[in-house]
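One file, query37.csv, carrying CSV, C-alpha atoms:
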```csv
chain,number,residue,atom,x,y,z
I,235,MET,CA,-6.2,7.8,-14.6
I,236,SER,CA,-6.5,10.3,-11.8
I,237,LYS,CA,-3.5,11.8,-10.1
I,238,GLY,CA,-4.1,9.8,-7.0
I,239,ARG,CA,-4.3,6.5,-8.8
I,240,ALA,CA,-1.2,7.3,-10.8
I,241,ARG,CA,0.7,8.0,-7.6
I,242,VAL,CA,-0.3,4.8,-5.9
I,243,LEU,CA,0.5,2.8,-9.0
I,244,GLU,CA,3.9,4.4,-9.1
I,245,LEU,CA,4.5,3.6,-5.5
I,246,ALA,CA,3.4,0.0,-6.0
I,247,VAL,CA,5.7,-0.5,-9.0
I,248,LEU,CA,8.7,1.1,-7.4
I,249,GLY,CA,8.2,-1.0,-4.2
I,250,HIS,CA,8.0,-4.2,-6.1
I,251,LEU,CA,11.0,-3.4,-8.4
I,252,ALA,CA,13.0,-2.5,-5.3
I,253,ALA,CA,12.8,-6.2,-4.3
I,254,THR,CA,13.9,-7.6,-7.7
I,255,PRO,CA,13.9,-6.7,-11.4
I,256,MET,CA,10.8,-7.9,-13.3
I,257,HIS,CA,9.3,-7.8,-16.7
I,258,GLY,CA,5.9,-6.1,-17.1
I,259,TYR,CA,3.8,-9.3,-17.1
I,260,GLU,CA,5.4,-10.6,-13.9
I,261,LEU,CA,5.0,-7.2,-12.3
I,262,ARG,CA,1.3,-7.0,-13.2
I,263,LYS,CA,0.8,-10.6,-11.9
I,264,ARG,CA,2.5,-9.7,-8.6
I,265,LEU,CA,0.3,-6.6,-8.2
I,266,ASN,CA,-2.8,-8.5,-8.9
I,267,SER,CA,-2.0,-11.3,-6.5
I,268,GLU,CA,-0.7,-9.1,-3.6
I,269,LEU,CA,-2.9,-6.1,-4.0
I,270,GLY,CA,-6.5,-7.0,-4.8
I,271,ALA,CA,-7.4,-3.4,-5.6
I,272,PHE,CA,-5.1,-3.6,-8.6
I,273,HIS,CA,-7.5,-5.8,-10.6
I,274,ALA,CA,-8.5,-2.4,-12.0
I,275,PHE,CA,-5.1,-1.7,-13.4
I,276,SER,CA,-4.7,-3.2,-16.8
I,277,TYR,CA,-1.7,-3.3,-19.2
I,278,GLY,CA,-3.2,0.0,-20.6
I,279,SER,CA,-2.3,1.7,-17.3
I,280,LEU,CA,0.8,-0.2,-16.2
I,281,TYR,CA,2.9,0.3,-19.3
I,282,PRO,CA,2.3,4.0,-19.6
I,283,CYS,CA,3.4,4.2,-16.0
I,284,LEU,CA,6.6,2.3,-16.8
I,285,LYS,CA,7.3,4.4,-19.8
I,286,SER,CA,6.9,7.6,-17.7
I,287,MET,CA,9.3,6.1,-15.1
I,288,LEU,CA,11.8,5.3,-17.9
I,289,ARG,CA,11.7,8.9,-19.1
I,290,ARG,CA,12.3,10.2,-15.6
I,291,ASP,CA,15.2,7.7,-15.0
I,292,LEU,CA,13.3,6.0,-12.1
I,293,VAL,CA,13.6,2.6,-13.8
I,294,ALA,CA,15.9,1.2,-16.5
I,295,GLU,CA,15.4,-1.6,-19.1
I,296,SER,CA,17.6,-4.6,-18.6
I,297,ASP,CA,18.6,-7.4,-21.0
I,298,PRO,CA,16.5,-10.4,-19.9
I,299,GLY,CA,19.8,-12.4,-19.8
I,300,GLU,CA,21.5,-10.2,-17.2
I,301,PRO,CA,22.0,-11.7,-13.8
I,302,GLY,CA,19.2,-11.0,-11.4
I,303,ALA,CA,16.7,-10.4,-14.2
I,304,ALA,CA,13.5,-12.4,-13.9
I,305,ARG,CA,13.1,-14.7,-16.9
I,306,GLY,CA,10.0,-15.7,-18.8
I,307,ARG,CA,9.3,-18.3,-21.4
I,308,ARG,CA,10.1,-15.8,-24.1
I,309,SER,CA,12.3,-12.7,-24.1
I,310,ARG,CA,10.7,-9.7,-22.5
I,311,ILE,CA,11.9,-6.3,-21.4
I,312,VAL,CA,13.0,-6.5,-17.8
I,313,TYR,CA,12.7,-3.4,-15.6
I,314,ARG,CA,15.0,-2.6,-12.7
I,315,LEU,CA,15.1,0.3,-10.2
I,316,THR,CA,17.7,3.0,-10.6
I,317,ASP,CA,19.3,5.1,-7.9
I,318,GLN,CA,16.8,7.9,-8.7
I,319,GLY,CA,14.0,5.4,-8.5
I,320,ARG,CA,15.1,4.4,-5.0
I,321,ASP,CA,15.2,8.0,-4.0
I,322,ARG,CA,11.7,8.5,-5.3
I,323,LEU,CA,10.5,5.4,-3.5
I,324,HIS,CA,11.9,6.8,-0.2
I,325,GLU,CA,10.2,10.1,-0.9
I,326,LEU,CA,6.8,8.5,-1.5
I,327,LEU,CA,7.2,6.3,1.6
I,328,SER,CA,8.0,9.3,3.7
I,329,ASP,CA,4.7,11.1,2.6
I,330,CYS,CA,1.6,10.8,4.8
I,331,ILE,CA,-1.0,12.5,2.7
I,332,PRO,CA,-4.8,12.0,3.2
I,333,ALA,CA,-5.0,9.8,0.2
I,334,ALA,CA,-2.7,7.3,1.9
I,335,THR,CA,-5.6,6.3,4.1
I,336,ASP,CA,-8.2,5.7,1.4
I,337,ASP,CA,-9.3,2.2,0.4
I,338,GLU,CA,-7.0,1.9,-2.6
I,339,CYS,CA,-3.9,3.6,-1.4
I,340,PHE,CA,-3.9,2.2,2.1
I,341,GLY,CA,-3.4,-1.4,0.9
I,342,VAL,CA,-0.4,-0.4,-1.2
I,343,HIS,CA,1.2,1.6,1.6
I,344,PHE,CA,0.6,-1.2,4.1
I,345,THR,CA,2.4,-3.8,1.9
I,346,LEU,CA,5.4,-1.5,2.0
I,347,PHE,CA,5.4,-0.8,5.7
I,348,GLY,CA,8.6,-2.9,6.1
I,349,ARG,CA,10.3,-0.1,4.2
I,350,THR,CA,8.5,2.8,5.9
I,351,ARG,CA,9.6,4.7,9.0
I,352,SER,CA,7.9,4.1,12.2
I,353,GLU,CA,6.3,7.6,12.7
I,354,VAL,CA,4.9,7.5,9.1
I,355,ARG,CA,3.4,4.0,9.7
I,356,LEU,CA,1.7,5.3,12.8
I,357,ARG,CA,0.3,8.4,11.0
I,358,ILE,CA,-1.1,6.3,8.2
I,359,LEU,CA,-2.6,3.8,10.7
I,360,ASP,CA,-4.1,6.6,12.8
I,361,GLY,CA,-5.4,8.4,9.7
I,362,ARG,CA,-7.0,5.2,8.3
I,363,ARG,CA,-8.7,4.6,11.7
I,364,ALA,CA,-10.1,8.1,11.8
I,365,ARG,CA,-11.4,7.7,8.2
I,366,LEU,CA,-13.2,4.5,9.1
I,367,LEU,CA,-14.7,5.9,12.3
I,368,GLU,CA,-16.3,8.7,10.2
I,369,ARG,CA,-17.8,6.1,7.9
I,370,LEU,CA,-19.0,4.1,10.8
I,371,SER,CA,-20.7,7.1,12.4
I,372,ALA,CA,-22.5,7.8,9.1
I,373,LEU,CA,-23.7,4.2,8.8
I,374,ARG,CA,-25.0,4.2,12.4
I,375,ASP,CA,-26.9,7.4,11.6
I,376,ARG,CA,-28.5,5.7,8.7
I,377,LEU,CA,-29.4,2.6,10.8
I,378,GLY,CA,-31.2,4.9,13.2
I,379,GLU,CA,-33.5,6.2,10.5
I,380,ARG,CA,-37.0,4.8,10.4
I,381,SER,CA,-39.0,3.4,7.4
I,382,GLN,CA,-36.0,1.9,5.6
I,383,ASP,CA,-36.1,-1.1,3.3
I,384,PRO,CA,-35.1,-4.1,5.4
I,385,TYR,CA,-32.5,-5.3,2.9
I,386,THR,CA,-30.9,-1.8,2.9
I,387,VAL,CA,-30.8,-2.0,6.7
I,388,GLU,CA,-29.0,-5.4,6.4
I,389,LEU,CA,-26.5,-4.1,4.0
I,390,HIS,CA,-25.7,-1.2,6.3
I,391,ARG,CA,-25.3,-3.6,9.2
I,392,HIS,CA,-23.0,-5.8,7.2
I,393,ARG,CA,-20.9,-2.8,6.2
I,394,ALA,CA,-20.8,-1.5,9.8
I,395,ALA,CA,-19.6,-4.9,11.1
I,396,ALA,CA,-16.9,-5.0,8.4
I,397,ILE,CA,-15.7,-1.5,9.4
I,398,GLU,CA,-15.8,-2.4,13.2
I,399,SER,CA,-13.6,-5.4,12.4
I,400,GLU,CA,-11.1,-3.3,10.6
I,401,VAL,CA,-11.0,-0.7,13.3
I,402,ASP,CA,-10.3,-3.5,15.9
I,403,TRP,CA,-7.5,-4.7,13.7
I,404,LEU,CA,-6.0,-1.2,13.3
I,405,ASP,CA,-6.2,-0.7,17.1
I,406,THR,CA,-4.1,-3.9,17.6
I,407,LEU,CA,-1.6,-2.7,15.0
I,408,ILE,CA,-1.3,0.8,16.5
I,409,ARG,CA,-0.8,-0.7,20.0
I,410,GLN,CA,2.0,-3.0,18.7
I,411,GLU,CA,3.7,-0.1,16.8
I,412,ARG,CA,3.6,2.1,19.9
I,413,ARG,CA,4.9,-0.7,22.1
I,414,CYS,CA,7.7,-1.4,19.7
I,415,ALA,CA,8.6,2.3,19.6
I,416,GLU,CA,8.8,2.4,23.4
I,417,ARG,CA,11.1,-0.6,23.6
I,418,THR,CA,13.5,0.4,20.8
I,419,ALA,CA,13.9,4.1,21.1
I,420,GLY,CA,16.4,5.3,18.4
I,421,ALA,CA,16.0,2.2,16.3
I,422,ASP,CA,13.4,1.7,13.5
I,423,ALA,CA,12.3,-1.9,13.3
I,424,SER,CA,8.8,-3.1,12.3
I,425,ILE,CA,6.5,-5.2,14.4
I,426,GLY,CA,8.1,-8.2,12.7
I,427,GLY,CA,11.5,-7.1,14.1
I,428,SER,CA,13.3,-5.9,10.9
I,429,ALA,CA,14.3,-2.4,10.0
I,430,PRO,CA,13.3,-0.7,6.8
I,431,PRO,CA,16.1,-1.4,4.2
I,432,ASP,CA,17.9,0.7,1.7
I,433,GLY,CA,18.9,3.5,4.0
I,434,ALA,CA,15.4,4.6,5.2
I,435,THR,CA,16.0,6.9,8.1
I,436,PRO,CA,15.2,5.4,11.6
I,437,PRO,CA,13.3,6.9,14.5
I,438,HIS,CA,11.7,4.0,16.4
I,439,THR,CA,9.8,0.6,16.5
I,440,GLY,CA,10.8,-2.9,17.4
I,441,ASN,CA,10.0,-6.6,18.0
I,442,ARG,CA,6.9,-8.7,18.1
I,443,ARG,CA,5.7,-9.7,21.5
```
Final structure tokens representation of the file:
Amino acid sequence: MSKGRARVLELAVLGHLAATPMHGYELRKRLNSELGAFHAFSYGSLYPCLKSMLRRDLVAESDPGEPGAARGRRSRIVYRLTDQGRDRLHELLSDCIPAATDDECFGVHFTLFGRTRSEVRLRILDGRRARLLERLSALRDRLGERSQDPYTVELHRHRAAAIESEVDWLDTLIRQERRCAERTAGADASIGGSAPPDGATPPHTGNRR
């Protein structure tokens, strides 16, 4: 697995375990249901990630019978976040690297926006928009070329329409985030009205219209 994919899997695992302890099967099921991109992550990549986190004291194994541990039909190892794991999660959520705006990483970061500071959310949204506009420009250049296969042209049109739709969605989110920031200077709530939990440091954002 590439370094970028390993990082985004680590972020997704830490983000989900911050909500509740889970065993590996339940964790993978949540990742698959909430993050479609994670269909590509099998047990063969999830469990090495968990073992690495155990060695680094980011997660700990719990007795399945302990309070708060998710229970399955048979006894399974349950993973919970440690204090070091929470610190690592906050560190990852504070980063705004170019990879955070690519197709795979953006979805993971977006599902954790409720735990992410306002200015980081805006940087990620702006970066994602810029990346999509570059793709859209390239597609429009291709559509302007002559002597193309008509089915290839239709595929380019379909992709361009999908990108335009996502850009419109991002524009709406960016406007909402900025409006919230203006209304709640000094507080850090999301567009849904709640602040990032677990001590995430606040700059701004606020309530839904």
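Here CA of Leu327 in chain I is placed at a distance of 23.6 Å from CA of Glu295 in chain I.
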*asked:* Taking 6 positions as the minimum chain separation for residues in the same chain, which residues sit within 10 Å of range 240-251 of chain I when counting all atoms listed in the file? Answer as a PyMOL selection string.
replied: chain I and resi 257-258+261-262+264-265+269+272+275+279-280+283-284+286-287+292-293+313-316+319-320+322-327+333-334+338-343+345-346+349
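CA of Ile358 in chain I sits 6.1 Å away from CA of Thr335 in chain I.
With CA of Cys330 in chain I on one side and CA of Val354 in chain I on the other, the separation reads 6.3 Å.
Nearest residue to Ala364 in chain I among I:Ala415, I:Met256, I:Leu288, I:Val401 is I:Val401, counting only C-alpha atoms.
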Please define a box with edges along x, y and z of the file around all atoms of range 380-395 of chain I given in the file, extend it by 6 Å on each side, and return its centre and edge lengths in Å to one decimal, as lines of an AutoDock Vina configuration file.
```
center_x = -29.3
center_y = -0.5
center_z = 7.0
size_x = 31.4
size_y = 22.6
size_z = 20.2
```
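Checking I:Gln382, I:Glu353, I:Arg417, I:Leu370 one by one against Ala396 in chain I, counting only C-alpha atoms, you find the shortest gap at I:Leu370.
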*Determine the nearest neighbour of Gln410 in chain I from the options I:Arg374, I:Arg355, I:Arg290, I:Lys263, counting all atoms listed in the file.*
I:Arg355
*For Ser371 in chain I: contacts at 12 Å, all atoms listed in the file, fewer than 5 positions along chain excluded, given as a list in words*: Ala364, Arg365, Leu366, Arg376, Leu377, Gly378, His390, Arg393, Ala394, Ile397 and Glu398 of chain I
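Shortest atom-to-atom contact with Arg369 in chain I among I:Ala395, I:Pro255, I:Thr350, I:Arg357: I:Ala395, counting all atoms listed in the file.
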*Tell me which of I:Ala252, I:Ile311, I:Ala294, I:Leu359 sits closest to Glu411 in chain I, counting only C-alpha atoms.*
I:Leu359
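Considering all atoms listed in the file, the residue among I:Ser328, I:Ser399, I:Ser267, I:Ser296 positioned nearest to Val312 in chain I is I:Ser296.
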